[in-house]
file input25.txt (compact mmCIF, C-alpha atoms and all ligand atoms)
# COMPACT_ATOMS: atom_id res chain seq x y z
CA MET A 1 -62.42 -173.83 85.71
CA LYS A 2 -62.20 -170.58 87.59
CA ILE A 3 -59.52 -167.99 88.24
CA SER A 4 -58.78 -167.90 91.96
CA ARG A 5 -56.08 -165.25 91.94
CA VAL A 6 -54.36 -162.75 89.66
CA THR A 7 -50.99 -161.17 90.44
CA LEU A 8 -49.97 -158.05 88.53
CA ARG A 9 -46.30 -157.10 88.43
CA GLU A 10 -44.34 -154.28 86.90
CA LEU A 11 -40.69 -154.99 86.18
CA LYS A 12 -38.06 -152.51 85.21
CA MET A 13 -35.71 -153.97 82.59
CA ARG A 14 -32.97 -152.40 80.54
CA LEU A 15 -32.68 -153.37 76.88
CA ILE A 16 -29.24 -154.46 75.72
CA ALA A 17 -29.27 -151.59 73.20
CA PRO A 18 -31.74 -148.74 72.55
CA PHE A 19 -34.43 -149.49 69.95
CA GLU A 20 -35.55 -146.62 67.70
CA THR A 21 -38.72 -146.46 65.61
CA SER A 22 -40.42 -143.57 63.80
CA PHE A 23 -42.42 -142.86 66.98
CA GLY A 24 -39.59 -142.87 69.49
CA ARG A 25 -36.64 -144.52 71.17
CA SER A 26 -36.67 -146.90 74.12
CA ASP A 27 -33.82 -148.19 76.24
CA GLU A 28 -35.59 -149.21 79.40
CA ARG A 29 -38.83 -151.14 79.38
CA ARG A 30 -41.63 -151.05 81.91
CA VAL A 31 -42.71 -154.66 81.66
CA MET A 32 -46.10 -155.78 82.95
CA LEU A 33 -46.65 -159.45 83.79
CA VAL A 34 -49.87 -161.21 84.71
CA GLU A 35 -49.78 -164.39 86.77
CA VAL A 36 -53.04 -166.30 87.17
CA GLU A 37 -53.93 -169.23 89.33
CA ILE A 38 -56.77 -171.36 88.06
CA ASP A 39 -58.78 -173.98 89.84
CA GLY A 40 -59.64 -176.80 87.42
CA ALA A 41 -62.71 -178.15 89.26
CA PRO A 42 -65.19 -179.58 88.45
CA THR A 43 -63.75 -181.02 85.22
CA HIS A 44 -60.03 -181.15 86.15
CA ARG A 45 -58.45 -181.97 89.44
CA GLY A 46 -56.01 -179.48 90.91
CA THR A 47 -54.81 -175.99 90.19
CA ALA A 48 -52.35 -174.47 87.74
CA THR A 49 -50.45 -171.22 87.35
CA GLY A 50 -50.14 -169.37 84.07
CA TRP A 51 -48.18 -166.35 82.88
CA GLY A 52 -48.87 -163.61 80.37
CA GLU A 53 -47.28 -160.31 79.36
CA VAL A 54 -49.05 -157.01 78.72
CA THR A 55 -47.23 -155.58 75.72
CA ALA A 56 -48.23 -151.95 76.26
CA GLY A 57 -45.40 -149.46 76.49
CA ARG A 58 -44.54 -146.60 78.78
CA ASP A 59 -46.11 -144.09 76.35
CA PRO A 60 -49.26 -144.24 74.18
CA PHE A 61 -47.25 -143.77 70.97
CA TYR A 62 -47.58 -147.17 69.29
CA SER A 63 -51.11 -147.79 70.56
CA PRO A 64 -53.42 -145.83 72.89
CA GLU A 65 -52.66 -148.17 75.80
CA THR A 66 -49.87 -147.82 78.35
CA ILE A 67 -48.80 -149.99 81.27
CA ASP A 68 -50.78 -147.71 83.58
CA THR A 69 -54.03 -147.84 81.60
CA ALA A 70 -53.66 -151.61 81.38
CA TRP A 71 -53.16 -151.92 85.14
CA HIS A 72 -56.29 -149.83 85.78
CA ILE A 73 -58.47 -151.67 83.26
CA LEU A 74 -57.27 -155.06 84.38
CA ARG A 75 -57.75 -154.47 88.10
CA ASP A 76 -60.93 -152.37 87.97
CA PHE A 77 -62.85 -153.90 85.05
CA LEU A 78 -61.44 -157.14 83.60
CA TRP A 79 -60.79 -158.92 86.87
CA PRO A 80 -64.27 -158.09 88.31
CA MET A 81 -65.81 -159.59 85.15
CA LEU A 82 -64.01 -162.90 85.67
CA LYS A 83 -63.96 -163.10 89.45
CA GLY A 84 -65.91 -166.11 90.73
CA LYS A 85 -67.06 -167.08 87.21
CA GLU A 86 -66.94 -170.66 85.95
CA PHE A 87 -65.83 -171.14 82.35
CA GLY A 88 -64.98 -174.14 80.22
CA ARG A 89 -61.84 -173.06 78.41
CA ALA A 90 -59.37 -170.20 78.06
CA ALA A 91 -60.94 -169.69 74.64
CA ASP A 92 -64.05 -168.35 76.45
CA VAL A 93 -62.24 -165.51 78.23
CA TYR A 94 -62.07 -162.99 75.37
CA GLY A 95 -65.85 -163.17 74.95
CA MET A 96 -66.43 -162.76 78.70
CA LEU A 97 -64.56 -159.44 78.51
CA GLU A 98 -66.51 -158.18 75.50
CA ARG A 99 -68.28 -155.41 77.41
CA VAL A 100 -64.96 -153.57 77.75
CA ARG A 101 -64.27 -151.89 74.44
CA GLY A 102 -60.68 -151.86 73.27
CA HIS A 103 -57.84 -152.24 75.80
CA ASN A 104 -56.68 -155.30 73.91
CA MET A 105 -53.23 -155.33 75.47
CA ALA A 106 -54.73 -155.49 78.96
CA LYS A 107 -57.07 -158.26 77.78
CA GLY A 108 -54.29 -160.09 75.98
CA GLY A 109 -51.99 -160.14 79.01
CA LEU A 110 -54.72 -161.72 81.13
CA GLU A 111 -56.14 -164.02 78.47
CA THR A 112 -52.79 -165.48 77.41
CA ALA A 113 -51.98 -166.24 81.06
CA VAL A 114 -55.20 -168.28 81.30
CA TRP A 115 -54.21 -170.24 78.15
CA ASP A 116 -50.86 -171.09 79.73
CA ALA A 117 -52.61 -172.21 82.91
CA GLU A 118 -55.15 -174.34 81.03
CA ALA A 119 -52.39 -176.03 79.02
CA LYS A 120 -50.51 -176.78 82.26
CA LEU A 121 -53.64 -178.10 83.92
CA LYS A 122 -54.08 -180.48 80.98
CA GLY A 123 -50.35 -181.28 80.78
CA VAL A 124 -50.04 -180.28 77.11
CA PRO A 125 -47.89 -177.73 75.26
CA LEU A 126 -49.70 -174.45 74.58
CA ALA A 127 -49.19 -174.94 70.81
CA LYS A 128 -51.20 -178.17 71.07
CA LEU A 129 -54.04 -176.40 72.90
CA LEU A 130 -54.11 -173.64 70.25
CA ALA A 131 -54.32 -176.16 67.39
CA ALA A 132 -57.70 -176.84 65.78
CA PRO A 133 -58.94 -180.46 65.83
CA GLY A 134 -56.87 -182.51 63.39
CA GLU A 135 -54.20 -179.82 63.07
CA THR A 136 -50.56 -180.59 63.92
CA PRO A 137 -48.70 -177.54 65.20
CA ARG A 138 -45.36 -176.93 63.46
CA GLU A 139 -42.36 -177.99 65.53
CA GLU A 140 -40.08 -175.18 64.42
CA ILE A 141 -40.87 -171.58 63.54
CA ALA A 142 -39.08 -169.25 61.11
CA CYS A 143 -37.42 -166.16 62.56
CA GLY A 144 -36.53 -162.72 61.29
CA VAL A 145 -35.24 -159.64 63.07
CA SER A 146 -36.46 -156.07 63.38
CA LEU A 147 -33.66 -153.50 63.36
CA GLY A 148 -34.20 -150.04 64.82
CA ILE A 149 -33.27 -146.84 63.03
CA GLN A 150 -29.50 -146.26 63.07
CA GLU A 151 -27.75 -142.93 62.97
CA ARG A 152 -24.97 -144.25 60.71
CA ILE A 153 -25.37 -146.59 57.73
CA GLU A 154 -22.21 -148.49 58.73
CA ASP A 155 -23.89 -149.44 62.01
CA LEU A 156 -26.92 -150.73 60.10
CA TYR A 157 -24.68 -152.78 57.77
CA ALA A 158 -22.88 -154.23 60.76
CA ALA A 159 -26.16 -155.10 62.50
CA ILE A 160 -27.48 -156.82 59.36
CA GLU A 161 -24.25 -158.77 58.89
CA LYS A 162 -24.40 -159.96 62.47
CA GLU A 163 -28.02 -161.16 62.20
CA LEU A 164 -27.42 -162.90 58.86
CA ALA A 165 -24.42 -164.66 60.36
CA ALA A 166 -26.63 -165.81 63.23
CA GLY A 167 -28.94 -167.40 60.65
CA TYR A 168 -32.01 -165.11 60.71
CA GLN A 169 -34.15 -165.61 57.61
CA ARG A 170 -35.23 -162.04 56.91
CA ILE A 171 -34.28 -158.52 57.86
CA LYS A 172 -36.76 -155.77 58.68
CA ILE A 173 -35.52 -152.23 58.97
CA LYS A 174 -37.41 -149.34 60.49
CA ILE A 175 -37.84 -146.27 58.32
CA LYS A 176 -39.05 -142.71 58.87
CA PRO A 177 -39.06 -139.53 56.76
CA GLY A 178 -35.44 -138.64 56.00
CA LYS A 179 -34.30 -142.21 56.72
CA ASP A 180 -36.05 -144.14 53.99
CA VAL A 181 -35.37 -144.50 50.25
CA ASP A 182 -31.64 -143.75 50.46
CA VAL A 183 -31.18 -146.14 53.37
CA VAL A 184 -33.10 -148.89 51.57
CA ALA A 185 -31.12 -148.29 48.35
CA GLN A 186 -27.84 -148.58 50.22
CA VAL A 187 -28.88 -151.70 52.13
CA ARG A 188 -30.14 -153.34 48.95
CA GLY A 189 -26.92 -152.42 47.13
CA ARG A 190 -24.88 -153.99 49.87
CA PHE A 191 -27.12 -157.07 50.35
CA PRO A 192 -28.66 -157.82 46.91
CA GLN A 193 -30.00 -161.26 47.85
CA ILE A 194 -31.52 -161.02 51.31
CA ARG A 195 -35.19 -161.15 52.22
CA LEU A 196 -35.71 -157.51 53.18
CA MET A 197 -38.71 -155.48 54.35
CA VAL A 198 -39.37 -152.10 55.97
CA ASP A 199 -41.66 -150.87 58.75
CA ALA A 200 -42.71 -147.20 58.91
CA ASN A 201 -44.95 -147.35 62.00
CA SER A 202 -47.42 -144.90 60.38
CA ALA A 203 -44.82 -142.20 59.71
CA TYR A 204 -46.20 -141.23 56.25
CA THR A 205 -49.37 -139.80 54.72
CA ALA A 206 -51.07 -140.10 51.35
CA GLN A 207 -48.99 -137.08 50.27
CA ASP A 208 -45.91 -139.31 50.40
CA THR A 209 -47.19 -141.73 47.76
CA ALA A 210 -44.53 -140.78 45.19
CA LEU A 211 -41.77 -141.34 47.74
CA LEU A 212 -43.20 -144.69 48.87
CA LYS A 213 -43.48 -145.79 45.23
CA ARG A 214 -39.74 -145.31 44.84
CA LEU A 215 -39.34 -148.22 47.28
CA GLU A 216 -40.70 -150.54 44.54
CA ALA A 217 -37.24 -150.57 42.95
CA TYR A 218 -35.75 -152.57 45.85
CA TYR A 219 -37.96 -155.68 45.69
CA LEU A 220 -38.98 -155.59 49.33
CA MET A 221 -41.00 -158.51 50.71
CA MET A 222 -43.48 -155.93 52.03
CA ILE A 223 -43.89 -152.42 53.44
CA GLU A 224 -45.33 -152.52 56.94
CA GLN A 225 -47.83 -149.88 58.11
CA PRO A 226 -46.70 -146.90 56.04
CA LEU A 227 -49.78 -144.70 56.69
CA GLY A 228 -52.09 -143.61 59.53
CA TRP A 229 -52.54 -146.02 62.43
CA GLU A 230 -56.34 -146.02 61.98
CA ASP A 231 -56.45 -145.29 58.26
CA ILE A 232 -57.44 -148.44 56.40
CA TYR A 233 -58.80 -146.48 53.44
CA ALA A 234 -55.54 -144.61 52.77
CA HIS A 235 -53.80 -147.98 52.51
CA VAL A 236 -56.38 -149.14 49.93
CA GLU A 237 -55.43 -146.22 47.70
CA LEU A 238 -51.72 -146.88 48.18
CA GLN A 239 -51.92 -150.65 47.61
CA ARG A 240 -53.78 -149.99 44.35
CA GLN A 241 -50.77 -148.09 43.10
CA MET A 242 -48.08 -150.47 44.31
CA GLN A 243 -46.87 -153.97 43.49
CA THR A 244 -44.98 -154.36 46.75
CA PRO A 245 -47.35 -155.91 49.30
CA ILE A 246 -48.51 -153.68 52.11
CA CYS A 247 -48.60 -155.35 55.52
CA LEU A 248 -50.80 -153.84 58.22
CA ASP A 249 -49.79 -153.75 61.87
CA GLU A 250 -51.22 -150.76 63.81
CA CYS A 251 -54.51 -150.71 61.83
CA ILE A 252 -55.65 -154.20 62.86
CA HIS A 253 -57.12 -154.53 66.37
CA THR A 254 -60.18 -156.65 65.62
CA ILE A 255 -61.46 -159.24 63.20
CA GLU A 256 -63.83 -156.60 61.80
CA GLN A 257 -60.89 -154.37 60.89
CA ALA A 258 -59.04 -157.36 59.43
CA ARG A 259 -62.07 -158.19 57.29
CA ALA A 260 -62.44 -154.59 56.10
CA ALA A 261 -58.73 -154.34 55.25
CA ILE A 262 -58.76 -157.61 53.31
CA GLU A 263 -62.03 -157.05 51.44
CA LEU A 264 -61.12 -153.47 50.52
CA GLY A 265 -57.61 -154.45 49.40
CA ALA A 266 -55.74 -152.36 51.96
CA CYS A 267 -53.06 -155.01 52.44
CA LYS A 268 -51.82 -158.38 51.18
CA ILE A 269 -50.22 -159.49 54.47
CA ILE A 270 -51.10 -159.03 58.15
CA ASN A 271 -48.75 -158.73 61.12
CA MET A 272 -50.31 -160.49 64.13
CA LYS A 273 -49.56 -159.31 67.64
CA LEU A 274 -51.21 -160.95 70.61
CA GLY A 275 -51.46 -157.71 72.58
CA ARG A 276 -52.81 -155.66 69.71
CA VAL A 277 -55.64 -158.12 69.00
CA GLY A 278 -56.44 -159.15 72.60
CA GLY A 279 -54.98 -162.63 73.03
CA HIS A 280 -54.87 -166.11 71.53
CA ALA A 281 -58.59 -166.58 70.81
CA ALA A 282 -58.85 -163.33 68.84
CA ALA A 283 -55.56 -164.04 67.05
CA ARG A 284 -56.83 -167.50 66.08
CA GLN A 285 -60.01 -166.02 64.58
CA ILE A 286 -58.13 -163.43 62.56
CA HIS A 287 -55.66 -166.12 61.50
CA ASP A 288 -58.50 -168.30 60.20
CA LEU A 289 -60.10 -165.43 58.30
CA CYS A 290 -56.76 -164.56 56.68
CA ARG A 291 -56.19 -168.19 55.72
CA GLU A 292 -59.61 -168.37 54.01
CA ARG A 293 -58.81 -165.22 52.09
CA GLY A 294 -55.26 -166.20 51.08
CA ILE A 295 -53.60 -163.54 53.24
CA PRO A 296 -50.40 -164.79 54.93
CA VAL A 297 -49.73 -163.70 58.51
CA TRP A 298 -46.58 -163.47 60.60
CA CYS A 299 -45.94 -162.82 64.26
CA GLY A 300 -44.91 -159.30 65.23
CA GLY A 301 -42.97 -158.40 68.34
CA MET A 302 -43.11 -155.76 71.07
CA LEU A 303 -39.63 -156.20 72.57
CA GLU A 304 -41.09 -158.82 74.88
CA THR A 305 -39.45 -160.62 77.75
CA GLY A 306 -39.35 -164.39 77.57
CA ILE A 307 -42.96 -164.65 78.78
CA GLY A 308 -44.43 -162.72 75.84
CA ARG A 309 -41.87 -164.29 73.51
CA ALA A 310 -42.98 -167.80 74.56
CA HIS A 311 -46.61 -166.95 73.72
CA ASN A 312 -45.48 -165.58 70.35
CA ILE A 313 -43.69 -168.85 69.63
CA ALA A 314 -46.78 -170.91 70.45
CA MET A 315 -49.00 -168.72 68.27
CA SER A 316 -46.52 -168.93 65.37
CA THR A 317 -47.11 -172.70 65.14
CA LEU A 318 -50.53 -172.12 63.52
CA PRO A 319 -50.65 -173.09 59.82
CA ASN A 320 -51.10 -169.65 58.23
CA PHE A 321 -47.97 -168.22 59.89
CA THR A 322 -46.09 -168.78 56.64
CA LEU A 323 -43.62 -165.86 56.79
CA PRO A 324 -40.74 -165.38 59.25
CA GLY A 325 -41.83 -163.38 62.30
CA ASP A 326 -40.20 -160.78 64.54
CA VAL A 327 -39.59 -163.53 67.07
CA SER A 328 -35.92 -163.73 67.90
CA ALA A 329 -33.53 -164.88 70.62
CA SER A 330 -33.72 -163.56 74.21
CA LYS A 331 -30.13 -162.42 74.03
CA ARG A 332 -30.90 -159.89 71.28
CA TYR A 333 -32.81 -157.88 73.88
CA TRP A 334 -31.76 -158.94 77.35
CA ASP A 335 -28.58 -159.60 79.25
CA GLU A 336 -30.49 -162.19 81.16
CA ASP A 337 -34.08 -163.14 80.40
CA ILE A 338 -36.71 -163.99 83.03
CA ILE A 339 -37.35 -167.51 81.73
CA GLU A 340 -35.41 -170.75 81.83
CA PRO A 341 -34.14 -171.83 79.35
CA GLU A 342 -33.82 -168.63 77.32
CA VAL A 343 -35.21 -168.48 73.79
CA GLU A 344 -32.52 -169.60 71.36
CA VAL A 345 -32.34 -169.53 67.59
CA THR A 346 -30.78 -172.28 65.46
CA ARG A 347 -28.15 -171.68 62.78
CA GLN A 348 -30.98 -172.04 60.25
CA GLY A 349 -32.84 -169.08 61.79
CA THR A 350 -35.55 -171.10 63.49
CA ILE A 351 -36.81 -171.63 67.02
CA ARG A 352 -37.65 -175.16 68.10
CA VAL A 353 -41.03 -175.07 69.77
CA PRO A 354 -40.78 -176.35 73.36
CA THR A 355 -42.56 -179.59 74.15
CA GLY A 356 -43.22 -179.13 77.87
CA PRO A 357 -46.65 -178.16 79.26
CA GLY A 358 -47.96 -174.61 78.78
CA ILE A 359 -45.58 -172.04 77.36
CA GLY A 360 -42.79 -174.58 77.91
CA TYR A 361 -40.31 -172.18 79.53
CA GLN A 362 -40.04 -171.79 83.29
CA PRO A 363 -40.49 -168.26 84.73
CA ARG A 364 -37.49 -167.47 86.96
CA LEU A 365 -39.28 -166.33 90.09
CA ASP A 366 -36.17 -165.14 91.91
CA ARG A 367 -35.16 -162.91 89.02
CA ILE A 368 -38.73 -161.69 88.48
CA GLU A 369 -38.98 -160.75 92.17
CA LYS A 370 -35.70 -158.85 91.99
CA LEU A 371 -36.80 -156.81 88.97
CA THR A 372 -40.28 -156.07 90.34
CA VAL A 373 -41.03 -152.44 91.18
CA ARG A 374 -44.81 -152.77 91.68
CA LYS A 375 -46.99 -155.71 92.58
CA GLU A 376 -50.67 -156.17 93.31
CA VAL A 377 -52.57 -159.34 94.16
CA LEU A 378 -56.23 -159.53 93.13
CA SER A 379 -58.35 -162.21 94.76
O1 LIG A 401 -44.02 -152.03 64.74
O2 LIG A 401 -43.41 -154.04 64.89
C1 LIG A 401 -43.44 -152.90 65.37
C2 LIG A 401 -41.33 -152.77 68.57
C3 LIG A 401 -42.09 -151.93 69.35
C4 LIG A 401 -43.24 -151.39 68.82
C5 LIG A 401 -43.64 -151.70 67.52
C6 LIG A 401 -42.89 -152.56 66.74
C7 LIG A 401 -41.69 -153.09 67.27
C8 LIG A 401 -40.79 -153.96 66.53
C9 LIG A 401 -39.91 -154.86 67.36
O3 LIG A 401 -40.66 -153.94 65.33
C10 LIG A 401 -40.06 -156.29 67.05
C11 LIG A 401 -39.40 -157.17 68.10
O4 LIG A 401 -39.92 -157.30 69.23
O5 LIG A 401 -38.37 -157.75 67.78
MG MG A 402 -44.81 -152.82 62.98

call {"tool": "encode", "arguments": {"input": "input25.txt", "output": "structure tokens"}}
result
Amino acid sequence: MKISRVTLRELKMRLIAPFETSFGRSDERRVMLVEVEIDGAPTHRGTATGWGEVTAGRDPFYSPETIDTAWHILRDFLWPMLKGKEFGRAADVYGMLERVRGHNMAKGGLETAVWDAEAKLKGVPLAKLLAAPGETPREEIACGVSLGIQERIEDLYAAIEKELAAGYQRIKIKIKPGKDVDVVAQVRGRFPQIRLMVDANSAYTAQDTALLKRLEAYYLMMIEQPLGWEDIYAHVELQRQMQTPICLDECIHTIEQARAAIELGACKIINMKLGRVGGHAAARQIHDLCRERGIPVWCGGMLETGIGRAHNIAMSTLPNFTLPGDVSASKRYWDEDIIEPEVEVTRQGTIRVPTGPGIGYQPRLDRIEKLTVRKEVLS
């Protein structure tokens, strides 16, 4: 197959409510979508269209990438490397882009779109295409929610109550210095039984070890990325001193970093994000390494639209995704999503994996066009 055309789009979309983490607050998202058209010849007749989402933000505060760096890298480097090239499978794309170092979100947006297109060309669900030979993808995935930092504890209680009532299986709350141990103590006091975890988005340093150790009293499922975004070693020291599992998010961009973190004992769990690791093929490799080493993974989120959400759902069907992910219903983020049907969550806090070809949700072209503020066709 061969990519005959790539369309880049930037959409401006307002979140239903502002989302606050230790690195900032967002209420409007600059969303970047990648649409690819592939030509299946010589092995498959016809063409197919696939969609992916670049999960970079407006600012380089979660990762070094932004929508604008991704646009530049995609148009000026990634696309020229694929243009006119024959390849056998979407799984080959990540390797073809190897010469570009980093920029995983740009790569992931493009690569996941090719996976969707290949699955559509073959008429199979994306989850089926991602499965290893002999593997049956799960039909339902387990869902949790990620709750932003709240000014008032009553608002956090109310948010938790609402999500539990909707059926979500675990609650993650964002923490930062000044909004940590007391908040966790209060939430645990109010909800003694729930599956609870926290995410610090690298807001602490090794100097905060005593404070972080106080979190042990609240039997959290895990503490996500407490220390420096590139600091695997600091997490080794911390995990040595704590029973609560550390889960790494920001630190893991490659399989090499995943291997180092696991072998050194920096974490007991890994958060997988398609953008952060560069797409489905890279995620699959890291997933397999984690499975071999007895490290569970779960799917993280980046406040995606339905396109990115659909890819997260497909990835979450792999066997080592054994913990509930940050994959939740469209309506938690958007008034109206850009896919049809929207992503819905059952009363049991699960999402039923779609059975149609590709990502299994239809992009709503009219709505996408209306929200588009920038568009560029590469051919
Ligand atoms: O660290 O997991 C994170 C959102 C933006 C940037 C980083 C993170 C998050 C979330 C949101 O936690 C998860 C979601 O999309 O529901
Ligand atoms: Mg995180």

call {"tool": "residues_near_ligand", "arguments": {"input": "input25.txt", "ligand": "ligand MG 402 (chain A)", "cutoff": "6 Å", "atoms": "only C-alpha atoms and all ligand atoms", "output": "PDB file with C-alpha atoms, in the coordinates of the input"}}
result
ATOM      1  CA  ASP A 199     -41.660-150.870  58.750  1.00  0.00           C
ATOM      2  CA  ASN A 201     -44.950-147.350  62.000  1.00  0.00           C
ATOM      3  CA  ASP A 249     -49.790-153.750  61.870  1.00  0.00           C
TER       4      ASP A 249
END

call {"tool": "closest_residue", "arguments": {"input": "input25.txt", "among": "A:Ala127, A:Ala283, A:Leu212, A:Ile153", "to": "Gly356 (chain A)", "atoms": "all atoms listed in the file"}}
result
A:Ala127

call {"tool": "residues_near_ligand", "arguments": {"input": "input25.txt", "ligand": "ligand LIG 401 (chain A)", "cutoff": "7 Å", "atoms": "all atoms listed in the file", "output": "list of chain:residue names"}}
result
A:Tyr62, A:Val145, A:Ser146, A:Asp199, A:Asn201, A:Asp249, A:Gly300, A:Gly301, A:Met302, A:Leu303, A:Glu304, A:Asp326, A:Val327, A:Ser328

call {"tool": "residues_around", "arguments": {"input": "input25.txt", "residues": "region 55-60 of chain A", "least_positions_apart": "4", "cutoff": "10 Å", "atoms": "all atoms listed in the file", "output": "ChimeraX atom specification"}}
result
/A:24,26,28-33,64-70,103-106,108-109,273-276,301-305,308

call {"tool": "closest_residue", "arguments": {"input": "input25.txt", "among": "A:Val277, A:Ile262, A:Ile246, A:Ala90", "to": "Glu292 (chain A)", "atoms": "all atoms listed in the file"}}
result
A:Ile262

call {"tool": "residues_around", "arguments": {"input": "input25.txt", "residues": "Ile252 (chain A)", "least_positions_apart": "3", "cutoff": "10 Å", "atoms": "all atoms listed in the file", "output": "list of chain:residue names"}}
result
A:Trp229, A:Glu230, A:Ile232, A:Leu248, A:Asp249, A:Ile255, A:Glu256, A:Gln257, A:Ala258, A:Arg259, A:Ala260, A:Ala261, A:Ile270, A:Asn271, A:Met272, A:Lys273, A:Arg276, A:Val277, A:Ile286

call {"tool": "residues_around", "arguments": {"input": "input25.txt", "residues": "Pro341 (chain A)", "least_positions_apart": "6", "cutoff": "12 Å", "atoms": "all atoms listed in the file", "output": "ChimeraX atom specification"}}
result
/A:306-307,310,329-331,354,356,359-364

call {"tool": "atom_distance", "arguments": {"input": "input25.txt", "atom1": "CA of Arg309 (chain A)", "atom2": "CA of Asp337 (chain A)"}}
result
10.5 Å

call {"tool": "residues_around", "arguments": {"input": "input25.txt", "residues": "Pro18 (chain A)", "least_positions_apart": "5", "cutoff": "10 Å", "atoms": "all atoms listed in the file", "output": "MDAnalysis selection string"}}
result
chainID A and resid 25:28 148:149 333

call {"tool": "closest_residue", "arguments": {"input": "input25.txt", "among": "A:Leu130, A:Leu110, A:Ile3, A:Cys247", "to": "Leu82 (chain A)", "atoms": "only C-alpha atoms"}}
result
A:Ile3

call {"tool": "residues_near_point", "arguments": {"input": "input25.txt", "point": "(-59.9, -163.7, 77.8)", "cutoff": "7 Å", "atoms": "all atoms listed in the file", "output": "PyMOL selection string"}}
result
chain A and resi 90-97+107-108+110-111+279

call {"tool": "closest_residue", "arguments": {"input": "input25.txt", "among": "A:Ile223, A:Val114, A:Leu238, A:Ile73", "to": "Arg101 (chain A)", "atoms": "all atoms listed in the file"}}
result
A:Ile73

call {"tool": "atom_distance", "arguments": {"input": "input25.txt", "atom1": "CA of Ala131 (chain A)", "atom2": "CA of Ala314 (chain A)"}}
result
9.7 Å

call {"tool": "atom_distance", "arguments": {"input": "input25.txt", "atom1": "CA of Lys12 (chain A)", "atom2": "CA of Asp76 (chain A)"}}
result
23.0 Å

call {"tool": "residues_around", "arguments": {"input": "input25.txt", "residues": "Phe321 (chain A)", "least_positions_apart": "2", "cutoff": "6 Å", "atoms": "only C-alpha atoms", "output": "MDAnalysis selection string"}}
result
chainID A and resid 297:298 316 318:319 323

call {"tool": "closest_residue", "arguments": {"input": "input25.txt", "among": "A:Gln150, A:Arg5, A:Glu340, A:Arg352", "to": "Asp366 (chain A)", "atoms": "only C-alpha atoms"}}
result
A:Glu340

call {"tool": "closest_residue", "arguments": {"input": "input25.txt", "among": "A:Val187, A:Asp180, A:Asp116, A:Glu10", "to": "Ile160 (chain A)", "atoms": "only C-alpha atoms"}}
result
A:Val187
